[in-house]
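As stored in run-v1.pdb (PDB, C-alpha atoms, pLDDT in the B column):
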```pdb
ATOM      1  CA  MET A  28      -2.491   5.272  25.599  1.00 76.00           C
ATOM      2  CA  SER A  29      -0.663   8.289  24.170  1.00 88.00           C
ATOM      3  CA  ARG A  30      -2.193  10.354  21.397  1.00 89.00           C
ATOM      4  CA  ARG A  31       0.581   9.360  18.993  1.00 86.00           C
ATOM      5  CA  LEU A  32       0.051   5.638  19.679  1.00 90.00           C
ATOM      6  CA  GLN A  33      -3.717   6.047  19.217  1.00 89.00           C
ATOM      7  CA  ARG A  34      -3.138   7.768  15.879  1.00 87.00           C
ATOM      8  CA  LEU A  35      -0.723   5.032  14.754  1.00 87.00           C
ATOM      9  CA  THR A  36      -3.132   2.283  15.858  1.00 91.00           C
ATOM     10  CA  GLY A  37      -5.945   3.926  13.905  1.00 91.00           C
ATOM     11  CA  GLU A  38      -3.736   4.121  10.811  1.00 90.00           C
ATOM     12  CA  VAL A  39      -2.786   0.446  11.136  1.00 91.00           C
ATOM     13  CA  ILE A  40      -6.445  -0.606  11.455  1.00 93.00           C
ATOM     14  CA  ARG A  41      -7.609   1.545   8.514  1.00 94.00           C
ATOM     15  CA  PHE A  42      -4.613   0.500   6.376  1.00 91.00           C
ATOM     16  CA  SER A  43      -5.314  -3.156   7.153  1.00 91.00           C
ATOM     17  CA  ALA A  44      -8.982  -2.795   6.148  1.00 94.00           C
ATOM     18  CA  VAL A  45      -7.996  -1.188   2.840  1.00 94.00           C
ATOM     19  CA  ASN A  46      -5.355  -3.868   2.326  1.00 89.00           C
ATOM     20  CA  ILE A  47      -7.889  -6.669   2.888  1.00 91.00           C
ATOM     21  CA  VAL A  48     -10.208  -5.277   0.199  1.00 94.00           C
ATOM     22  CA  ALA A  49      -7.367  -4.675  -2.294  1.00 92.00           C
ATOM     23  CA  THR A  50      -5.900  -8.116  -1.583  1.00 86.00           C
ATOM     24  CA  GLY A  51      -9.314  -9.717  -2.158  1.00 92.00           C
ATOM     25  CA  VAL A  52      -9.549  -8.053  -5.569  1.00 95.00           C
ATOM     26  CA  SER A  53      -5.990  -9.143  -6.425  1.00 91.00           C
ATOM     27  CA  LEU A  54      -6.543 -12.678  -5.152  1.00 90.00           C
ATOM     28  CA  VAL A  55      -9.670 -13.244  -7.256  1.00 93.00           C
ATOM     29  CA  LEU A  56      -8.022 -11.815 -10.384  1.00 94.00           C
ATOM     30  CA  PHE A  57      -4.772 -13.750  -9.848  1.00 90.00           C
ATOM     31  CA  ASN A  58      -6.543 -17.069  -9.419  1.00 90.00           C
ATOM     32  CA  ALA A  59      -8.784 -16.444 -12.424  1.00 92.00           C
ATOM     33  CA  LEU A  60      -5.814 -15.520 -14.605  1.00 92.00           C
ATOM     34  CA  VAL A  61      -3.426 -18.267 -13.459  1.00 89.00           C
ATOM     35  CA  HIS A  62      -5.734 -21.123 -12.426  1.00 87.00           C
ATOM     36  CA  GLY A  63      -9.025 -20.257 -14.123  1.00 87.00           C
ATOM     37  CA  VAL A  64     -12.501 -20.889 -12.794  1.00 81.00           C
ATOM     38  CA  LYS A  65     -13.435 -24.575 -12.629  1.00 79.00           C
ATOM     39  CA  GLY A  66     -16.169 -25.392 -15.098  1.00 74.00           C
ATOM     40  CA  TRP A  67     -15.888 -22.059 -16.913  1.00 83.00           C
ATOM     41  CA  PHE A  68     -12.339 -21.624 -18.210  1.00 81.00           C
ATOM     42  CA  GLY A  69      -8.770 -22.672 -17.575  1.00 79.00           C
ATOM     43  CA  GLY A  70      -6.111 -20.258 -16.389  1.00 80.00           C
ATOM     44  CA  PRO A  71      -4.974 -18.367 -19.485  1.00 86.00           C
ATOM     45  CA  MET A  72      -1.752 -17.374 -17.709  1.00 85.00           C
ATOM     46  CA  HIS A  73      -0.971 -20.664 -15.928  1.00 82.00           C
ATOM     47  CA  GLY A  74       2.468 -20.754 -17.516  1.00 84.00           C
ATOM     48  CA  HIS A  75       3.082 -17.106 -16.610  1.00 87.00           C
ATOM     49  CA  PRO A  76       2.188 -16.722 -12.920  1.00 86.00           C
ATOM     50  CA  LEU A  77       4.505 -13.768 -12.333  1.00 84.00           C
ATOM     51  CA  THR A  78       2.875 -11.753 -15.123  1.00 89.00           C
ATOM     52  CA  GLY A  79      -0.560 -12.754 -13.824  1.00 90.00           C
ATOM     53  CA  TYR A  80       0.471 -11.677 -10.337  1.00 85.00           C
ATOM     54  CA  LEU A  81       1.656  -8.276 -11.575  1.00 86.00           C
ATOM     55  CA  LEU A  82      -1.529  -7.682 -13.578  1.00 92.00           C
ATOM     56  CA  ALA A  83      -3.860  -8.696 -10.752  1.00 92.00           C
ATOM     57  CA  ASN A  84      -1.944  -6.683  -8.187  1.00 86.00           C
ATOM     58  CA  SER A  85      -1.830  -3.616 -10.417  1.00 89.00           C
ATOM     59  CA  VAL A  86      -5.627  -3.544 -10.305  1.00 93.00           C
ATOM     60  CA  GLY A  87      -5.506  -4.158  -6.539  1.00 91.00           C
ATOM     61  CA  MET A  88      -2.981  -1.318  -6.236  1.00 89.00           C
ATOM     62  CA  LEU A  89      -5.459   1.176  -7.687  1.00 91.00           C
ATOM     63  CA  VAL A  90      -8.108   0.020  -5.216  1.00 94.00           C
ATOM     64  CA  SER A  91      -5.526   0.344  -2.450  1.00 91.00           C
ATOM     65  CA  PHE A  92      -4.444   3.843  -3.521  1.00 90.00           C
ATOM     66  CA  TYR A  93      -7.926   5.283  -3.338  1.00 91.00           C
ATOM     67  CA  GLY A  94      -8.626   3.539  -0.047  1.00 92.00           C
ATOM     68  CA  SER A  95      -5.355   4.698   1.458  1.00 89.00           C
ATOM     69  CA  ARG A  96      -5.589   8.250   0.130  1.00 89.00           C
ATOM     70  CA  TYR A  97      -9.182   8.883   1.123  1.00 89.00           C
ATOM     71  CA  TYR A  98      -9.571   6.602   4.152  1.00 91.00           C
ATOM     72  CA  ALA A  99      -6.449   5.174   5.812  1.00 89.00           C
ATOM     73  CA  PHE A 100      -4.208   8.262   5.495  1.00 88.00           C
ATOM     74  CA  ARG A 101      -6.820  10.933   4.783  1.00 87.00           C
ATOM     75  CA  HIS A 102      -5.423  13.175   7.527  1.00 86.00           C
ATOM     76  CA  ARG A 103      -1.877  13.131   6.117  1.00 86.00           C
ATOM     77  CA  HIS A 104      -0.383  15.131   3.291  1.00 85.00           C
ATOM     78  CA  ALA A 105       0.102  13.141   0.082  1.00 85.00           C
ATOM     79  CA  ALA A 106       3.568  13.903  -1.274  1.00 83.00           C
ATOM     80  CA  GLY A 107       4.214  14.409  -4.944  1.00 79.00           C
ATOM     81  CA  PRO A 108       2.178  14.757  -8.109  1.00 80.00           C
ATOM     82  CA  GLY A 109      -1.278  13.269  -8.535  1.00 78.00           C
ATOM     83  CA  GLY A 110      -2.093  13.473  -4.840  1.00 79.00           C
ATOM     84  CA  GLY A 111       0.721  11.040  -4.087  1.00 84.00           C
ATOM     85  CA  LEU A 112      -0.200   8.600  -6.889  1.00 86.00           C
ATOM     86  CA  VAL A 113       3.262   8.638  -8.506  1.00 88.00           C
ATOM     87  CA  ALA A 114       5.071   7.961  -5.226  1.00 88.00           C
ATOM     88  CA  TYR A 115       2.408   5.392  -4.319  1.00 88.00           C
ATOM     89  CA  VAL A 116       2.938   3.488  -7.570  1.00 88.00           C
ATOM     90  CA  ILE A 117       6.722   3.530  -7.105  1.00 91.00           C
ATOM     91  CA  VAL A 118       6.435   2.147  -3.553  1.00 91.00           C
ATOM     92  CA  ASN A 119       3.941  -0.505  -4.697  1.00 86.00           C
ATOM     93  CA  PHE A 120       6.065  -1.700  -7.586  1.00 85.00           C
ATOM     94  CA  ALA A 121       9.096  -1.813  -5.272  1.00 90.00           C
ATOM     95  CA  SER A 122       7.061  -3.848  -2.787  1.00 89.00           C
ATOM     96  CA  PHE A 123       5.982  -6.274  -5.552  1.00 84.00           C
ATOM     97  CA  THR A 124       9.519  -7.661  -5.527  1.00 91.00           C
ATOM     98  CA  ILE A 125       8.823  -9.311  -2.166  1.00 94.00           C
ATOM     99  CA  PRO A 126       5.875 -11.597  -3.090  1.00 90.00           C
ATOM    100  CA  ILE A 127       7.153 -12.030  -6.659  1.00 88.00           C
ATOM    101  CA  SER A 128      10.475 -13.329  -5.284  1.00 93.00           C
ATOM    102  CA  ILE A 129       8.722 -15.736  -2.958  1.00 94.00           C
ATOM    103  CA  LEU A 130       6.404 -16.921  -5.756  1.00 90.00           C
ATOM    104  CA  TRP A 131       9.405 -17.347  -8.091  1.00 92.00           C
ATOM    105  CA  VAL A 132      11.267 -19.458  -5.495  1.00 94.00           C
ATOM    106  CA  SER A 133       8.164 -21.568  -4.886  1.00 94.00           C
ATOM    107  CA  ARG A 134       7.680 -22.216  -8.603  1.00 92.00           C
ATOM    108  CA  ASN A 135      11.261 -22.402  -9.878  1.00 93.00           C
ATOM    109  CA  VAL A 136      13.291 -23.714  -6.949  1.00 95.00           C
ATOM    110  CA  PHE A 137      10.786 -26.044  -5.306  1.00 95.00           C
ATOM    111  CA  GLY A 138       8.687 -26.791  -8.413  1.00 93.00           C
ATOM    112  CA  TRP A 139       5.419 -26.144  -6.597  1.00 92.00           C
ATOM    113  CA  ASP A 140       2.752 -24.954  -9.070  1.00 86.00           C
ATOM    114  CA  THR A 141      -0.518 -25.864  -7.425  1.00 90.00           C
ATOM    115  CA  ILE A 142      -3.176 -23.332  -6.564  1.00 87.00           C
ATOM    116  CA  TYR A 143      -2.336 -23.813  -2.872  1.00 93.00           C
ATOM    117  CA  ALA A 144       1.413 -23.347  -3.307  1.00 93.00           C
ATOM    118  CA  ASP A 145       0.943 -20.225  -5.451  1.00 88.00           C
ATOM    119  CA  ASN A 146      -1.491 -18.666  -2.996  1.00 88.00           C
ATOM    120  CA  ILE A 147       0.546 -19.449   0.109  1.00 93.00           C
ATOM    121  CA  ALA A 148       3.760 -18.171  -1.481  1.00 93.00           C
ATOM    122  CA  GLY A 149       2.457 -15.046  -3.225  1.00 87.00           C
ATOM    123  CA  ASN A 150      -0.774 -14.177  -1.481  1.00 82.00           C
ATOM    124  CA  VAL A 151      -0.023 -15.110   2.116  1.00 90.00           C
ATOM    125  CA  ILE A 152       3.692 -15.012   2.913  1.00 94.00           C
ATOM    126  CA  GLY A 153       4.586 -12.508   0.202  1.00 92.00           C
ATOM    127  CA  ALA A 154       1.530 -10.335   0.797  1.00 85.00           C
ATOM    128  CA  VAL A 155       2.125 -10.045   4.551  1.00 89.00           C
ATOM    129  CA  LEU A 156       5.795  -9.127   4.112  1.00 93.00           C
ATOM    130  CA  GLY A 157       4.893  -6.710   1.307  1.00 90.00           C
ATOM    131  CA  MET A 158       2.162  -5.116   3.442  1.00 87.00           C
ATOM    132  CA  LEU A 159       4.592  -4.435   6.281  1.00 91.00           C
ATOM    133  CA  PHE A 160       7.032  -2.822   3.864  1.00 94.00           C
ATOM    134  CA  ARG A 161       4.287  -0.724   2.222  1.00 90.00           C
ATOM    135  CA  PHE A 162       2.897   0.556   5.534  1.00 90.00           C
ATOM    136  CA  TRP A 163       6.349   1.803   6.511  1.00 91.00           C
ATOM    137  CA  ALA A 164       7.113   3.228   3.045  1.00 92.00           C
ATOM    138  CA  PHE A 165       3.721   4.929   2.624  1.00 89.00           C
ATOM    139  CA  ARG A 166       4.102   6.738   5.951  1.00 88.00           C
ATOM    140  CA  LYS A 167       7.722   7.648   5.180  1.00 89.00           C
ATOM    141  CA  PHE A 168       7.505   8.666   1.502  1.00 88.00           C
ATOM    142  CA  VAL A 169       3.881   9.021   0.329  1.00 89.00           C
ATOM    143  CA  PHE A 170       1.578  10.150   3.134  1.00 87.00           C
ATOM    144  CA  THR A 171       4.114  12.164   5.074  1.00 83.00           C
ATOM    145  CA  GLY A 172       2.006  13.909   7.679  1.00 71.00           C
ATOM    146  CA  GLN A 173       3.815  17.151   6.932  1.00 62.00           C
ATOM    147  CA  GLN A 174       1.477  19.859   5.844  1.00 56.00           C
ATOM    148  CA  VAL A 175       2.620  21.944   2.912  1.00 47.00           C
ATOM    149  CA  LEU A 176       1.973  25.668   3.083  1.00 44.00           C
ATOM    150  CA  PRO A 177      -0.156  27.043   0.241  1.00 47.00           C
ATOM    151  CA  VAL A 178       1.728  28.858  -2.534  1.00 46.00           C
ATOM    152  CA  ALA A 179       0.346  32.195  -1.315  1.00 48.00           C
ATOM    153  CA  ALA A 180       1.854  31.606   2.129  1.00 46.00           C
ATOM    154  CA  THR A 181       5.429  32.804   1.845  1.00 44.00           C
ATOM    155  CA  VAL A 182       7.928  34.225   4.275  1.00 49.00           C
ATOM    156  CA  GLU A 183       6.553  37.689   3.559  1.00 52.00           C
ATOM    157  CA  ASN A 184       2.944  36.514   3.975  1.00 53.00           C
ATOM    158  CA  PRO A 185       2.788  33.673   6.561  1.00 51.00           C
ATOM    159  CA  PRO A 186      -0.553  31.993   7.286  1.00 52.00           C
ATOM    160  CA  GLU A 187      -2.512  33.337  10.222  1.00 55.00           C
ATOM    161  CA  HIS A 188      -3.413  31.062  13.111  1.00 48.00           C
ATOM    162  CA  LYS A 189      -5.452  31.757  16.230  1.00 49.00           C
ATOM    163  CA  SER A 190      -2.341  32.631  18.195  1.00 49.00           C
ATOM    164  CA  GLY A 191      -0.839  34.603  15.296  1.00 47.00           C
ATOM    165  CA  SER A 192       2.202  32.331  15.013  1.00 46.00           C
ATOM    166  CA  LEU A 193       3.021  29.303  12.964  1.00 46.00           C
ATOM    167  CA  GLN A 194       1.960  26.067  14.611  1.00 46.00           C
ATOM    168  CA  PRO A 195       3.151  22.547  13.745  1.00 46.00           C
ATOM    169  CA  ALA A 196       0.623  20.237  12.139  1.00 47.00           C
ATOM    170  CA  GLU A 197      -1.458  18.323  14.684  1.00 48.00           C
ATOM    171  CA  ASP A 198      -0.473  14.956  13.241  1.00 49.00           C
ATOM    172  CA  VAL A 199       3.254  15.617  13.473  1.00 47.00           C
ATOM    173  CA  PRO A 200       4.923  15.903  16.869  1.00 47.00           C
ATOM    174  CA  SER A 201       6.891  19.144  17.067  1.00 42.00           C
ATOM    175  CA  GLY A 202      10.227  17.302  17.044  1.00 43.00           C
ATOM    176  CA  GLU A 203       9.527  15.811  13.588  1.00 45.00           C
ATOM    177  CA  LEU A 204       8.889  19.023  11.617  1.00 39.00           C
TER     178      LEU A 204
END
```
Turn the structure described in the file into structure tokens.
Amino acid sequence: MSRRLQRLTGEVIRFSAVNIVATGVSLVLFNALVHGVKGWFGGPMHGHPLTGYLLANSVGMLVSFYGSRYYAFRHRHAAGPGGGLVAYVIVNFASFTIPISILWVSRNVFGWDTIYADNIAGNVIGAVLGMLFRFWAFRKFVFTGQQVLPVAATVENPPEHKSGSLQPAEDVPSGEL
């Protein structure tokens, strides 16, 4: 297996592990907000599943950011302010349109409002499609793999490497710089 394919496979595995944890957090919060906990309380947001979904997934998004930044994509450069947090939030909110749309269709077109219908629509079908989009978008826009030269490293003062010349980052094939 090529080095690039090994690196990509490792990213997919680590990203999936982070996604499972973040999805678990979101799933528990969503079900508590929309459907409640039997014997304890009813779902305070049963009539507002889209809002409940956004709230629960916003918490899951923070879990996902830290897992992605410090585990799944730790070897890549995080683009933008806040160590990539701003770009990460933008990609996540853009990706929310996928499961939200599927949940909306399930509720408003088909009239399905059971715990099973909500979870299959938003947390299975929507989550898988959203995860595929986020993996692509995170690699493309957030965790770019391109190393940024320090401010002190300018054209007049390039960084020194063992060979004395600039070398491409290890994670980025030379054709992608």
| task | Apply the PyMOL selection byres ((chain A and resi 80) around 10) to the file shown and report the selected residues as a list in words. | result |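 This file, filtered by the PyMOL selection byres ((chain A and resi 80) around 10), leaves Ser53, Leu54, Leu56, Phe57, Asn58, Leu60, Val61, Met72, His75, Pro76, Leu77, Thr78, Gly79, Leu81, Leu82, Ala83, Asn84, Ser85, Phe123, Pro126, Ile127, Leu130, Asp145, Gly149 and Asn150 of chain A.
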| task | Report as a VMD selection string the full result of the PyMOL selection byres ((chain A and resi 170) around 10) when it is applied to this structure. | result | chain A and resid 95 to 96 99 to 107 110 to 111 114 to 115 162 164 to 169 171 to 173
| task | List every protein, DNA or RNA residue that has at least one atom no more than 10 Å from (-8.1, 0.7, -2.1) in the file's coordinates, counting all atoms listed in the file, and write the result as a PyMOL selection string. | result | chain A and resi 42+44-50+52+86-99
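Proximity to Arg161 (chain A) was assessed for A:Trp131, A:Phe120, A:Tyr143, A:Phe137 counting all atoms listed in the file; the smallest distance is recorded for A:Phe120.
The shortest atom-to-atom distance to Asp140 (chain A), with only C-alpha atoms taken into account, belongs to A:His62 out of A:Ile152, A:His62, A:Pro71, A:Gly109.
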Axis-aligned box for region 72-86 of chain A, 3 Å per side, centre and edges in Å as JSON:
```
{"center_x": -0.6, "center_y": -12.1, "center_z": -12.9, "size_x": 16.1, "size_y": 23.2, "size_z": 15.5}
```
| task | Have a look at CA of Gly157 (chain A) and CA of Asn119 (chain A) and let me know their distance in Å, one decimal. | result | 8.7 Å
| task | Rank A:Gly74, A:Ser128, A:Trp163, A:Ala148 by their smallest atom-to-atom distance to Glu38 (chain A), using only C-alpha atoms, and report the top residue only. | result |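 The shortest atom-to-atom distance to Glu38 (chain A) comes from A:Trp163.
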| Using only C-alpha atoms, which of A:Leu32, A:Ile117, A:Ala59, A:Ile147 sits nearest His73 (chain A)? |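 The closest residue to His73 (chain A) is A:Ala59.
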| Which value, in Å to one decimal, gives the distance between CA of Val151 (chain A) and CA of Ile125 (chain A)? |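 CA of Ile125 (chain A) lies 11.4 Å from CA of Val151 (chain A).
Atom pair CA of Ser122 (chain A) / CA of Phe160 (chain A) has a distance of 6.7 Å (rounded to one decimal).
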